>>> print(open('coords.tsv').read())   # TSV, C-alpha atoms and all ligand atoms
chain	number	residue	atom	x	y	z
A	904	MET	CA	-9.44	-15.20	-10.29
A	905	LYS	CA	-6.76	-12.55	-10.75
A	906	ILE	CA	-7.59	-8.94	-9.91
A	907	LEU	CA	-5.62	-5.78	-10.69
A	908	ILE	CA	-6.16	-3.03	-8.13
A	909	THR	CA	-4.77	0.33	-9.23
A	910	GLY	CA	-4.14	3.07	-6.66
A	911	GLY	CA	-3.94	0.42	-3.93
A	912	ALA	CA	-1.33	2.29	-1.89
A	913	GLY	CA	-3.87	5.08	-1.32
A	914	PHE	CA	-6.63	5.38	1.24
A	915	ILE	CA	-9.58	3.46	-0.25
A	916	GLY	CA	-7.56	1.19	-2.57
A	917	GLY	CA	-5.37	0.18	0.41
A	918	ASN	CA	-8.42	-0.65	2.50
A	919	PHE	CA	-9.87	-2.59	-0.44
A	920	ILE	CA	-6.70	-4.71	-0.77
A	921	HIS	CA	-6.79	-5.56	2.95
A	922	TYR	CA	-10.51	-6.39	2.67
A	923	MET	CA	-10.16	-8.60	-0.42
A	924	LEU	CA	-7.03	-10.47	0.71
A	925	ASN	CA	-8.72	-11.20	3.98
A	926	LYS	CA	-11.84	-12.53	2.23
A	927	TYR	CA	-10.53	-14.40	-0.81
A	928	ASN	CA	-7.62	-16.77	-0.15
A	929	ASP	CA	-7.97	-18.39	-3.54
A	930	TYR	CA	-7.75	-15.17	-5.61
A	931	SER	CA	-4.53	-13.41	-6.52
A	932	PHE	CA	-4.07	-9.67	-6.51
A	933	VAL	CA	-1.69	-7.21	-8.13
A	934	CYS	CA	-1.51	-3.59	-6.99
A	935	LEU	CA	-0.29	-1.01	-9.50
A	936	ASP	CA	0.43	2.38	-7.95
A	937	ALA	CA	2.59	5.34	-9.00
A	938	LEU	CA	3.27	6.23	-5.35
A	939	THR	CA	2.42	9.89	-5.64
A	940	TYR	CA	2.38	11.90	-2.40
A	941	ALA	CA	-0.92	10.08	-1.61
A	942	GLY	CA	0.52	6.57	-2.06
A	943	ASN	CA	1.91	5.06	1.12
A	944	MET	CA	3.58	1.63	1.07
A	945	GLU	CA	3.24	1.48	4.86
A	946	THR	CA	-0.52	1.02	4.31
A	947	ILE	CA	-0.03	-2.32	2.55
A	948	GLU	CA	3.40	-3.28	3.94
A	949	THR	CA	2.09	-6.20	6.01
A	950	LEU	CA	0.65	-7.84	2.87
A	951	LEU	CA	3.85	-7.86	0.81
A	952	ASN	CA	4.94	-11.32	1.97
A	953	LYS	CA	1.65	-12.97	0.92
A	954	VAL	CA	2.03	-15.40	-1.98
A	955	ASN	CA	-1.15	-14.17	-3.66
A	956	PHE	CA	-0.21	-10.47	-3.60
A	957	LYS	CA	2.22	-8.49	-5.69
A	958	PHE	CA	3.03	-4.76	-5.78
A	959	VAL	CA	4.13	-2.99	-8.97
A	960	LYS	CA	5.24	0.64	-8.93
A	961	GLY	CA	4.02	2.40	-12.06
A	962	ASN	CA	1.80	5.05	-13.57
A	963	ILE	CA	-1.52	4.11	-15.20
A	964	CYS	CA	-0.71	6.67	-17.93
A	965	ASP	CA	2.38	4.67	-18.94
A	966	LYS	CA	1.00	2.59	-21.83
A	967	ASP	CA	4.05	0.33	-22.27
A	968	LEU	CA	4.23	-0.52	-18.60
A	969	VAL	CA	0.47	-1.12	-18.34
A	970	PHE	CA	0.27	-3.26	-21.50
A	971	ASN	CA	3.30	-5.34	-20.46
A	972	LEU	CA	1.74	-5.93	-17.06
A	973	PHE	CA	-1.60	-7.00	-18.58
A	974	GLU	CA	0.15	-9.31	-21.04
A	975	LYS	CA	2.13	-10.95	-18.27
A	976	GLU	CA	-0.60	-11.26	-15.65
A	977	GLN	CA	-3.79	-11.90	-17.72
A	978	PHE	CA	-6.18	-10.24	-15.28
A	979	ASP	CA	-9.82	-11.27	-14.95
A	980	ILE	CA	-10.95	-8.06	-13.27
A	981	VAL	CA	-9.51	-4.53	-13.04
A	982	VAL	CA	-10.63	-2.16	-10.28
A	983	ASN	CA	-9.37	1.38	-10.81
A	984	PHE	CA	-8.88	3.51	-7.70
A	985	ALA	CA	-5.84	5.37	-9.07
A	986	ALA	CA	-6.57	9.07	-9.22
A	987	GLU	CA	-5.66	12.46	-7.91
A	988	SER	CA	-8.34	12.87	-5.27
A	989	HIS	CA	-8.07	16.16	-3.40
A	990	VAL	CA	-10.41	18.97	-4.49
A	991	ASP	CA	-8.23	21.74	-3.02
A	992	ARG	CA	-5.18	20.51	-4.95
A	993	SER	CA	-7.25	20.38	-8.16
A	994	ILE	CA	-8.09	24.07	-7.69
A	995	GLU	CA	-4.38	24.86	-7.37
A	996	ASN	CA	-3.16	22.65	-10.22
A	997	PRO	CA	-5.80	20.98	-12.43
A	998	ARG	CA	-3.41	19.49	-15.04
A	999	ILE	CA	-2.31	16.36	-13.20
A	1000	PHE	CA	-5.99	15.57	-12.50
A	1001	LEU	CA	-6.71	15.48	-16.23
A	1002	GLU	CA	-3.71	13.24	-16.85
A	1003	SER	CA	-4.21	10.60	-14.16
A	1004	ASN	CA	-7.99	10.72	-13.85
A	1005	ILE	CA	-8.85	10.77	-17.57
A	1006	LEU	CA	-5.89	9.72	-19.74
A	1007	GLY	CA	-4.89	7.00	-17.26
A	1008	VAL	CA	-8.40	5.55	-17.50
A	1009	GLN	CA	-8.12	5.44	-21.29
A	1010	VAL	CA	-4.86	3.45	-21.06
A	1011	LEU	CA	-6.40	0.97	-18.61
A	1012	MET	CA	-9.50	0.47	-20.76
A	1013	ASP	CA	-7.44	-0.02	-23.94
A	1014	ALA	CA	-5.45	-2.68	-22.09
A	1015	CYS	CA	-8.68	-4.32	-20.87
A	1016	LEU	CA	-9.96	-4.54	-24.46
A	1017	LYS	CA	-6.68	-5.86	-25.86
A	1018	TYR	CA	-6.19	-8.51	-23.16
A	1019	LYS	CA	-9.90	-9.41	-22.91
A	1020	VAL	CA	-10.39	-8.53	-19.25
A	1021	LYS	CA	-13.83	-9.72	-18.10
A	1022	ARG	CA	-14.66	-6.65	-16.03
A	1023	TYR	CA	-13.35	-3.11	-15.76
A	1024	HIS	CA	-14.63	-1.35	-12.65
A	1025	GLN	CA	-14.27	2.42	-12.41
A	1026	VAL	CA	-14.31	3.84	-8.87
A	1027	SER	CA	-16.03	7.17	-9.25
A	1028	THR	CA	-17.57	9.71	-6.90
A	1029	ASP	CA	-20.88	11.36	-6.07
A	1030	GLU	CA	-19.13	14.67	-6.78
A	1031	VAL	CA	-19.88	14.14	-10.51
A	1032	TYR	CA	-23.48	15.17	-9.71
A	1033	GLY	CA	-22.48	18.61	-8.42
A	1034	ASP	CA	-24.35	19.68	-5.31
A	1035	LEU	CA	-27.86	19.84	-3.85
A	1036	PRO	CA	-29.41	22.86	-2.10
A	1037	LEU	CA	-28.94	22.82	1.68
A	1038	GLU	CA	-32.62	23.46	2.37
A	1039	ARG	CA	-33.97	20.69	0.07
A	1040	ILE	CA	-33.34	17.71	2.34
A	1041	ASP	CA	-35.87	15.73	0.29
A	1042	LEU	CA	-33.46	15.63	-2.70
A	1043	PHE	CA	-30.86	12.88	-3.26
A	1044	PHE	CA	-28.49	11.89	-6.08
A	1045	THR	CA	-29.77	8.94	-8.08
A	1046	GLU	CA	-27.83	7.21	-10.87
A	1047	ASP	CA	-29.92	9.29	-13.31
A	1048	SER	CA	-29.13	12.67	-11.77
A	1049	PRO	CA	-27.46	14.97	-14.30
A	1050	ILE	CA	-23.68	15.31	-14.35
A	1051	LYS	CA	-23.00	18.86	-13.17
A	1052	THR	CA	-19.48	19.27	-11.83
A	1053	SER	CA	-18.01	22.08	-9.74
A	1054	SER	CA	-14.26	21.46	-9.32
A	1055	PRO	CA	-11.49	20.37	-11.68
A	1056	TYR	CA	-11.38	17.15	-9.59
A	1057	SER	CA	-15.06	16.32	-10.10
A	1058	ALA	CA	-14.90	17.38	-13.75
A	1059	SER	CA	-12.00	14.97	-14.31
A	1060	LYS	CA	-13.89	12.12	-12.60
A	1061	ALA	CA	-17.04	12.86	-14.62
A	1062	SER	CA	-15.00	12.93	-17.83
A	1063	ALA	CA	-13.63	9.50	-16.96
A	1064	ASP	CA	-17.14	8.18	-16.33
A	1065	LEU	CA	-18.30	9.44	-19.73
A	1066	LEU	CA	-15.29	7.84	-21.38
A	1067	VAL	CA	-16.01	4.52	-19.64
A	1068	LEU	CA	-19.63	4.65	-20.86
A	1069	ALA	CA	-18.42	5.48	-24.39
A	1070	TYR	CA	-16.03	2.49	-24.34
A	1071	SER	CA	-18.93	0.32	-23.24
A	1072	LYS	CA	-21.17	1.45	-26.09
A	1073	THR	CA	-18.57	1.72	-28.86
A	1074	PHE	CA	-16.17	-1.12	-28.02
A	1075	ASN	CA	-18.35	-3.34	-25.78
A	1076	LEU	CA	-16.01	-2.87	-22.83
A	1077	PRO	CA	-17.49	-4.95	-19.98
A	1078	MET	CA	-17.65	-2.24	-17.33
A	1079	THR	CA	-19.32	-1.07	-14.16
A	1080	ILE	CA	-19.05	2.29	-12.37
A	1081	SER	CA	-19.61	3.06	-8.69
A	1082	ARG	CA	-20.19	6.57	-7.36
A	1083	CYS	CA	-19.61	6.75	-3.64
A	1084	SER	CA	-20.05	9.54	-1.12
A	1085	ASN	CA	-17.23	10.81	1.16
A	1086	ASN	CA	-15.25	8.02	2.82
A	1087	TYR	CA	-13.45	8.02	6.18
A	1088	GLY	CA	-11.62	5.41	8.24
A	1089	PRO	CA	-8.16	3.81	8.59
A	1090	TYR	CA	-5.20	4.98	6.45
A	1091	HIS	CA	-6.90	8.25	5.48
A	1092	PHE	CA	-4.36	10.83	4.34
A	1093	PRO	CA	-4.47	13.72	6.82
A	1094	GLU	CA	-5.19	16.41	4.23
A	1095	LYS	CA	-8.89	15.44	4.11
A	1096	LEU	CA	-11.43	16.82	6.58
A	1097	ILE	CA	-11.83	14.00	9.13
A	1098	PRO	CA	-8.21	12.83	9.63
A	1099	LEU	CA	-7.00	16.45	9.44
A	1100	MET	CA	-9.37	17.53	12.20
A	1101	ILE	CA	-8.59	14.50	14.40
A	1102	ASN	CA	-4.88	15.16	14.18
A	1103	LYS	CA	-5.14	18.91	14.68
A	1104	ALA	CA	-7.38	18.39	17.70
A	1105	LEU	CA	-4.95	15.85	19.19
A	1106	ASN	CA	-2.15	18.43	18.82
A	1107	ASN	CA	-4.34	21.25	20.23
A	1108	GLU	CA	-4.03	23.15	16.94
A	1109	GLN	CA	-6.71	25.32	15.33
A	1110	LEU	CA	-9.28	23.37	13.23
A	1111	PRO	CA	-9.80	25.25	9.91
A	1112	VAL	CA	-13.49	25.11	8.93
A	1113	TYR	CA	-14.17	26.54	5.46
A	1114	GLY	CA	-16.84	29.28	5.34
A	1115	ASN	CA	-19.45	28.86	8.07
A	1116	GLY	CA	-19.20	25.05	8.19
A	1117	SER	CA	-22.75	24.47	6.96
A	1118	ASN	CA	-21.76	22.42	3.88
A	1119	VAL	CA	-23.07	18.87	4.14
A	1120	ARG	CA	-21.29	15.64	3.21
A	1121	ASP	CA	-22.72	12.09	3.26
A	1122	TRP	CA	-20.11	10.06	5.16
A	1123	LEU	CA	-19.46	6.36	4.56
A	1124	TYR	CA	-17.04	4.21	6.57
A	1125	VAL	CA	-14.45	2.94	4.08
A	1126	GLU	CA	-15.03	-0.76	4.80
A	1127	ASP	CA	-18.64	-0.35	3.64
A	1128	HIS	CA	-17.39	1.14	0.36
A	1129	CYS	CA	-15.08	-1.88	-0.04
A	1130	SER	CA	-17.92	-4.35	0.52
A	1131	ALA	CA	-20.05	-2.51	-2.05
A	1132	ILE	CA	-17.33	-2.71	-4.72
A	1133	ASP	CA	-16.77	-6.38	-3.90
A	1134	LEU	CA	-20.48	-6.97	-4.48
A	1135	ILE	CA	-20.59	-4.98	-7.73
A	1136	ILE	CA	-17.62	-6.77	-9.33
A	1137	HIS	CA	-19.16	-10.15	-8.48
A	1138	LYS	CA	-22.90	-9.52	-8.84
A	1139	GLY	CA	-23.34	-6.13	-10.51
A	1140	ASN	CA	-24.70	-6.04	-14.03
A	1141	ILE	CA	-22.30	-5.14	-16.81
A	1142	GLY	CA	-22.90	-1.63	-18.14
A	1143	GLU	CA	-24.46	-0.35	-14.90
A	1144	ILE	CA	-23.71	2.57	-12.58
A	1145	TYR	CA	-24.25	2.11	-8.83
A	1146	ASN	CA	-24.42	4.92	-6.25
A	1147	ILE	CA	-23.01	4.03	-2.82
A	1148	GLY	CA	-23.96	5.82	0.37
A	1149	GLY	CA	-25.45	5.09	3.77
A	1150	HIS	CA	-27.59	8.17	4.58
A	1151	ASN	CA	-25.08	9.67	7.00
A	1152	GLU	CA	-25.38	13.34	6.16
A	1153	LYS	CA	-23.61	15.77	8.47
A	1154	SER	CA	-22.58	19.40	8.20
A	1155	ASN	CA	-18.83	19.98	8.42
A	1156	LEU	CA	-19.34	21.92	11.64
A	1157	ASP	CA	-21.23	19.01	13.21
A	1158	VAL	CA	-18.48	16.58	12.16
A	1159	VAL	CA	-15.83	18.80	13.75
A	1160	LYS	CA	-17.85	19.23	16.94
A	1161	ILE	CA	-18.37	15.44	17.24
A	1162	ILE	CA	-14.62	14.87	16.85
A	1163	LEU	CA	-13.82	17.51	19.48
A	1164	LYS	CA	-16.34	16.01	21.89
A	1165	LEU	CA	-15.03	12.45	21.46
A	1166	LEU	CA	-11.47	13.69	22.04
A	1167	ASN	CA	-12.52	15.78	25.02
A	1168	LYS	CA	-11.32	19.01	23.41
A	1169	ASP	CA	-12.79	22.48	23.53
A	1170	GLU	CA	-14.82	23.98	20.67
A	1171	SER	CA	-12.69	27.12	20.96
A	1172	LEU	CA	-10.18	25.23	18.75
A	1173	ILE	CA	-12.54	25.79	15.78
A	1174	SER	CA	-11.32	28.49	13.41
A	1175	TYR	CA	-13.49	29.70	10.51
A	1176	VAL	CA	-11.33	30.30	7.43
A	1177	LYS	CA	-11.84	31.53	3.87
A	1178	ASP	CA	-14.28	29.36	1.93
A	1179	ARG	CA	-13.21	27.00	-0.87
A	1180	PRO	CA	-13.98	28.49	-4.33
A	1181	GLY	CA	-16.94	26.68	-5.94
A	1182	HIS	CA	-17.58	24.87	-2.63
A	1183	ASP	CA	-20.36	22.29	-3.13
A	1184	LEU	CA	-23.18	22.78	-0.62
A	1185	ARG	CA	-24.61	19.33	-0.03
A	1186	TYR	CA	-24.02	15.77	-1.19
A	1187	ALA	CA	-26.59	13.07	-0.45
A	1188	ILE	CA	-26.85	9.64	-2.05
A	1189	ASP	CA	-29.94	7.60	-2.84
A	1190	PRO	CA	-28.54	4.06	-2.42
A	1191	THR	CA	-31.72	2.18	-3.47
A	1192	LYS	CA	-30.09	0.43	-6.43
A	1193	ILE	CA	-27.08	-0.98	-4.54
A	1194	LEU	CA	-29.31	-1.97	-1.60
A	1195	ARG	CA	-31.44	-3.94	-4.07
A	1196	LEU	CA	-28.30	-5.70	-5.27
A	1197	GLY	CA	-27.87	-6.95	-1.69
A	1198	TRP	CA	-25.45	-4.44	-0.12
A	1199	GLU	CA	-25.74	-3.76	3.58
A	1200	PRO	CA	-23.51	-1.15	5.25
A	1201	LYS	CA	-22.25	-2.21	8.69
A	1202	HIS	CA	-21.48	1.21	10.15
A	1203	ASN	CA	-23.30	4.44	10.79
A	1204	PHE	CA	-21.47	7.70	11.45
A	1205	GLU	CA	-21.59	7.29	15.22
A	1206	THR	CA	-19.83	3.88	15.20
A	1207	GLY	CA	-17.58	4.70	12.26
A	1208	ILE	CA	-16.18	7.90	13.71
A	1209	GLN	CA	-15.35	6.15	16.99
A	1210	GLU	CA	-13.51	3.38	15.09
A	1211	THR	CA	-11.67	6.03	13.09
A	1212	ILE	CA	-10.55	7.99	16.14
A	1213	LYS	CA	-9.44	4.75	17.81
A	1214	TRP	CA	-7.43	3.83	14.69
A	1215	ASN	CA	-5.77	7.25	14.60
A	1216	LEU	CA	-4.83	6.98	18.30
A	1217	GLU	CA	-3.39	3.50	17.80
A	1218	HIS	CA	-1.46	4.41	14.64
A	1219	ASP	CA	0.28	7.60	15.65
A	1220	ASP	CA	3.48	6.26	14.02
A	1221	TRP	CA	1.77	5.94	10.59
A	1222	ILE	CA	0.45	9.49	10.93
A	1223	ARG	CA	3.72	10.93	12.24
A	1224	ARG	CA	5.60	9.45	9.26
A	1225	VAL	CA	3.04	10.90	6.83
A	1226	GLN	CA	3.30	14.31	8.45
A	1227	SER	CA	7.11	14.29	8.46
A	1228	GLY	CA	7.28	12.99	4.87
A	1229	GLU	CA	9.26	9.94	6.06
A	1230	TYR	CA	6.71	7.57	4.42
A	1231	LEU	CA	7.88	8.76	0.98
A	1232	LYS	CA	11.28	7.20	1.64
A	1233	TRP	CA	9.84	3.67	2.07
A	1234	MET	CA	11.05	2.46	-1.33
A	1235	GLU	CA	14.54	3.86	-0.77
A	1236	ARG	CA	14.76	2.18	2.63
A	1237	GLN	CA	13.54	-1.20	1.35
A	1238	TYR	CA	15.21	-1.42	-2.00
A	1239	LYS	CA	17.92	1.27	-1.83
A	1240	TRP	CA	16.41	3.00	-4.90
A	1301	LIG	P1	-5.93	8.70	-2.53
A	1301	LIG	O1	-5.50	10.03	-3.06
A	1301	LIG	O2	-5.80	8.41	-1.08
A	1301	LIG	O3	-5.14	7.53	-3.31
A	1301	LIG	C1	-4.92	7.55	-4.68
A	1301	LIG	C2	-3.85	6.51	-5.00
A	1301	LIG	O4	-3.69	6.49	-6.43
A	1301	LIG	C3	-2.49	6.81	-4.41
A	1301	LIG	O5	-1.92	5.63	-3.89
A	1301	LIG	C4	-1.68	7.33	-5.60
A	1301	LIG	O6	-0.28	7.04	-5.49
A	1301	LIG	C5	-2.31	6.56	-6.73
A	1301	LIG	N1	-2.19	7.24	-8.04
A	1301	LIG	C6	-2.51	8.53	-8.33
A	1301	LIG	N2	-2.27	8.78	-9.62
A	1301	LIG	C7	-1.81	7.63	-10.16
A	1301	LIG	C8	-1.41	7.25	-11.47
A	1301	LIG	N3	-1.41	8.13	-12.48
A	1301	LIG	N4	-1.00	5.98	-11.67
A	1301	LIG	C9	-0.99	5.08	-10.67
A	1301	LIG	N5	-1.34	5.39	-9.41
A	1301	LIG	C10	-1.76	6.64	-9.16
A	1301	LIG	O7	-7.43	8.54	-3.02
A	1301	LIG	P2	-8.64	7.79	-2.32
A	1301	LIG	O8	-9.32	8.74	-1.39
A	1301	LIG	O9	-8.20	6.47	-1.84
A	1301	LIG	O10	-9.61	7.62	-3.58
A	1301	LIG	C11	-9.52	6.47	-4.41
A	1301	LIG	C12	-10.54	6.57	-5.51
A	1301	LIG	O11	-11.85	6.68	-4.97
A	1301	LIG	C13	-10.36	7.81	-6.41
A	1301	LIG	O12	-10.62	7.44	-7.74
A	1301	LIG	C14	-11.42	8.77	-5.91
A	1301	LIG	O13	-11.86	9.62	-6.95
A	1301	LIG	C15	-12.53	7.82	-5.47
A	1301	LIG	N6	-13.40	8.30	-4.39
A	1301	LIG	C16	-12.87	8.80	-3.23
A	1301	LIG	C17	-13.73	9.19	-2.20
A	1301	LIG	C18	-13.18	9.70	-0.89
A	1301	LIG	O14	-13.96	10.11	-0.02
A	1301	LIG	N7	-11.87	9.69	-0.66
A	1301	LIG	C19	-15.11	9.08	-2.35
A	1301	LIG	C20	-15.62	8.56	-3.56
A	1301	LIG	C21	-14.75	8.16	-4.57
A	1302	LIG	P1	-12.66	16.97	1.82
A	1302	LIG	O1	-12.27	16.00	2.89
A	1302	LIG	O2	-11.57	17.73	1.12
A	1302	LIG	O3	-13.58	16.18	0.79
A	1302	LIG	P2	-14.48	16.74	-0.45
A	1302	LIG	O4	-14.08	18.13	-0.74
A	1302	LIG	O5	-14.08	15.80	-1.55
A	1302	LIG	O6	-15.89	16.61	-0.02
A	1302	LIG	O7	-13.64	18.04	2.45
A	1302	LIG	C1	-14.85	17.65	3.07
A	1302	LIG	C2	-15.57	18.91	3.46
A	1302	LIG	O8	-14.83	19.57	4.49
A	1302	LIG	C3	-15.72	19.91	2.33
A	1302	LIG	O9	-16.99	20.56	2.46
A	1302	LIG	C4	-14.62	20.92	2.60
A	1302	LIG	C5	-14.49	20.90	4.10
A	1302	LIG	N1	-13.14	21.16	4.66
A	1302	LIG	C6	-12.98	22.14	5.65
A	1302	LIG	O10	-13.93	22.81	6.10
A	1302	LIG	N2	-11.71	22.34	6.15
A	1302	LIG	C7	-10.63	21.64	5.71
A	1302	LIG	O11	-9.48	21.89	6.19
A	1302	LIG	C8	-10.82	20.64	4.69
A	1302	LIG	C9	-9.66	19.84	4.17
A	1302	LIG	C10	-12.11	20.43	4.21
>>> encode(input="coords.tsv", output="structure tokens")
Amino acid sequence: MKILITGGAGFIGGNFIHYMLNKYNDYSFVCLDALTYAGNMETIETLLNKVNFKFVKGNICDKDLVFNLFEKEQFDIVVNFAAESHVDRSIENPRIFLESNILGVQVLMDACLKYKVKRYHQVSTDEVYGDLPLERIDLFFTEDSPIKTSSPYSASKASADLLVLAYSKTFNLPMTISRCSNNYGPYHFPEKLIPLMINKALNNEQLPVYGNGSNVRDWLYVEDHCSAIDLIIHKGNIGEIYNIGGHNEKSNLDVVKIILKLLNKDESLISYVKDRPGHDLRYAIDPTKILRLGWEPKHNFETGIQETIKWNLEHDDWIRRVQSGEYLKWMERQYKW
């Protein structure tokens, strides 16, 4: 079995490559990643000497490069993590989100059709469903919830999902889609809430909470997301959408307070800042369908956040090089590019 993993130098794709290489000795894997600011070769560096793993630097929007790669490698499965992923950046500059998150998906799917890939898996997000009211804790996103996006990021991911469904119906593309809630864990780029707050707290800096901190996210430890995708690409039914989440809803303020407590820091470090425009109130996943498929998450928020803090403390070099920008020079250092 040969699997293409796009966006594998990023947070979740990187964790997925570690997870899959560890589990399947007899498969081979290729990672295609453009190495944007969010791609970090140091995340997958230890895997580069494995005989069943190969890294290719390239953009999923580059049709020639993608088609040549598919022709050469003859993939069985494609799992697409490659995307611009930060909501705040999409508010500042939506264009690149439309290019990578929509047009890149079209290129990958065209290649899948031409080279007869057996499964295209699109890694999507619960943010395509918009938000739920804070006070209606009885409501959850199901796979049938309407698409109702708030940010250019979520709109680009929803557009991609619609395009994947259209390719399934019109061209019989063998596809699956997963929509996961917010992830956290190792190799998380410190622009997102949890790693940002851990690192600011460690440096005794102010922790910027948007608005009053009451917005709720449904947190999933990244390894549990990886195991769900592994299950879907092996056992999931072609043409289906699967929501992934573990019922770990927390307000942003509660998340920040838990981090401060575990790091023995004072709550006076919390600083309330201007709210994000269009800020979604609450995300909450109904995972019934993926549970029925046989998925079982291993972590809850309490265990996952402790693991994450431990990882951050033990990998201060990885974080320091991200913060200084040194990680971007990895290719130059290795290959003198
Ligand atoms: P990330 O920003 O950490 O990583 C994205 C990776 O994709 C980077 O390595 C980047 O270099 C690469 N990339 C970006 N544009 C590319 C392009 N045009 N061609 C090739 N490579 C490109 O993102 P992440 O948090 O790991 O998210 C991965 C996927 O999971 C995304 O599709 C995202 O929408 C989805 N998702 C994320 C979360 C979350 O909480 N982070 C939750 C649900 C779904
Ligand atoms: P984020 O990690 O950007 O993920 P998403 O927007 O995709 O859910 O943000 C998670 C939540 O944390 C979101 O409600 C916005 C909030 N947030 C802050 O309050 N302060 C911050 O500095 C950041 C980055 C996010």
>>> axis_aligned_box(input="coords.tsv", around="ligand LIG 1302 (chain A)", padding_each_side="8 Å", output="lines of an AutoDock Vina configuration file")
center_x = -13.2
center_y = 19.3
center_z = 2.3
size_x = 23.5
size_y = 23.0
size_z = 23.7
>>> closest_residue(input="coords.tsv", among="A:His1137, A:Lys1060, A:Lys1232, A:Lys1164", to="ligand LIG 1301 (chain A)", atoms="only C-alpha atoms and all ligand atoms")
A:Lys1060
>>> closest_atom_pairs(input="coords.tsv", of="chain A", to="ligand LIG 1302 (chain A)", cutoff="7 Å", atoms="all atoms listed in the file", output="Markdown table")
| residue | atom | partner | partner_atom | distance |
| --- | --- | --- | --- | --- |
| A:His989 | CA | A:LIG1302 | O2 | 5.9 |
| A:Val990 | CA | A:LIG1302 | O4 | 5.3 |
| A:Asp991 | CA | A:LIG1302 | O2 | 6.7 |
| A:Asn1085 | CA | A:LIG1302 | O6 | 6.1 |
| A:Glu1094 | CA | A:LIG1302 | C9 | 5.6 |
| A:Lys1095 | CA | A:LIG1302 | O1 | 3.6 |
| A:Leu1096 | CA | A:LIG1302 | O1 | 3.9 |
| A:Ile1097 | CA | A:LIG1302 | O1 | 6.6 |
| A:Leu1099 | CA | A:LIG1302 | O11 | 6.8 |
| A:Pro1111 | CA | A:LIG1302 | O11 | 5.0 |
| A:Val1112 | CA | A:LIG1302 | O10 | 3.7 |
| A:Tyr1113 | CA | A:LIG1302 | O10 | 3.8 |
| A:Gly1116 | CA | A:LIG1302 | O10 | 6.1 |
| A:Asn1118 | CA | A:LIG1302 | O9 | 5.3 |
| A:Val1119 | CA | A:LIG1302 | O9 | 6.5 |
| A:Arg1120 | CA | A:LIG1302 | O6 | 6.4 |
| A:Asn1155 | CA | A:LIG1302 | O8 | 5.6 |
| A:His1182 | CA | A:LIG1302 | O9 | 6.7 |
| A:Asp1183 | CA | A:LIG1302 | O9 | 6.8 |
>>> closest_residue(input="coords.tsv", among="A:Leu1037, A:Ala985, A:Leu1006, A:Val1158", to="ligand LIG 1301 (chain A)", atoms="only C-alpha atoms and all ligand atoms")
A:Ala985
>>> atom_distance(input="coords.tsv", atom1="atom CA of A:Ile1193", atom2="atom CA of A:Ile1144")
9.4 Å
>>> residues_near_ligand(input="coords.tsv", ligand="ligand LIG 1301 (chain A)", cutoff="7 Å", atoms="all atoms listed in the file", output="PyMOL selection string")
chain A and resi 909-916+935-943+961-964+983-989+1003+1007+1026-1029+1060+1082-1087+1091-1092
>>> closest_residue(input="coords.tsv", among="A:Gln1009, A:Thr1211, A:Asn971, A:Gln1109", to="A:Ser1062", atoms="only C-alpha atoms")
A:Gln1009
>>> residues_around(input="coords.tsv", residues="A:Ser1117", least_positions_apart="2", cutoff="8 Å", atoms="only C-alpha atoms", output="PyMOL selection string")
chain A and resi 1114-1115+1119+1154-1156+1184
>>> write_last_selection(input="coords.tsv", atoms="C-alpha atoms", output="PDB file, in the coordinates of the input")
ATOM      1  CA  GLY A1114     -16.840  29.280   5.340  1.00  0.00           C
ATOM      2  CA  ASN A1115     -19.450  28.860   8.070  1.00  0.00           C
ATOM      3  CA  VAL A1119     -23.070  18.870   4.140  1.00  0.00           C
ATOM      4  CA  SER A1154     -22.580  19.400   8.200  1.00  0.00           C
ATOM      5  CA  ASN A1155     -18.830  19.980   8.420  1.00  0.00           C
ATOM      6  CA  LEU A1156     -19.340  21.920  11.640  1.00  0.00           C
ATOM      7  CA  LEU A1184     -23.180  22.780  -0.620  1.00  0.00           C
TER       8      LEU A1184
END
>>> atom_distance(input="coords.tsv", atom1="atom CA of A:Leu1035", atom2="atom CA of A:Ser1053")
11.7 Å
>>> atom_distance(input="coords.tsv", atom1="atom CA of A:Ala1058", atom2="atom CA of A:Trp1198")
27.8 Å
>>> closest_residue(input="coords.tsv", among="A:Ser993, A:Ser1071, A:Ser1059, A:Asn1102", to="A:Asp1013", atoms="all atoms listed in the file")
A:Ser1071
>>> closest_residue(input="coords.tsv", among="A:Ile1080, A:Thr946, A:Pro1093, A:Ile1040", to="A:Ser1227", atoms="only C-alpha atoms")
A:Pro1093
>>> residues_around(input="coords.tsv", residues="A:Tyr1230", least_positions_apart="5", cutoff="8 Å", atoms="all atoms listed in the file", output="PyMOL selection string")
chain A and resi 943-945+1224-1225
>>> closest_residue(input="coords.tsv", among="A:Met923, A:Val954, A:Leu1166, A:Ile980", to="A:Leu907", atoms="all atoms listed in the file")
A:Ile980
>>> residues_around(input="coords.tsv", residues="A:Pro1049", least_positions_apart="4", cutoff="9 Å", atoms="only C-alpha atoms", output="list in words")
Val1031, Tyr1032, Gly1033, Phe1044 and Thr1045 of chain A
>>> write_last_selection(input="coords.tsv", atoms="C-alpha atoms", output="compact mmCIF listing (two decimals), in the frame of the given file")
# COMPACT_ATOMS: atom_id res chain seq x y z
CA VAL A 1031 -19.88 14.14 -10.51
CA TYR A 1032 -23.48 15.17 -9.71
CA GLY A 1033 -22.48 18.61 -8.42
CA PHE A 1044 -28.49 11.89 -6.08
CA THR A 1045 -29.77 8.94 -8.08
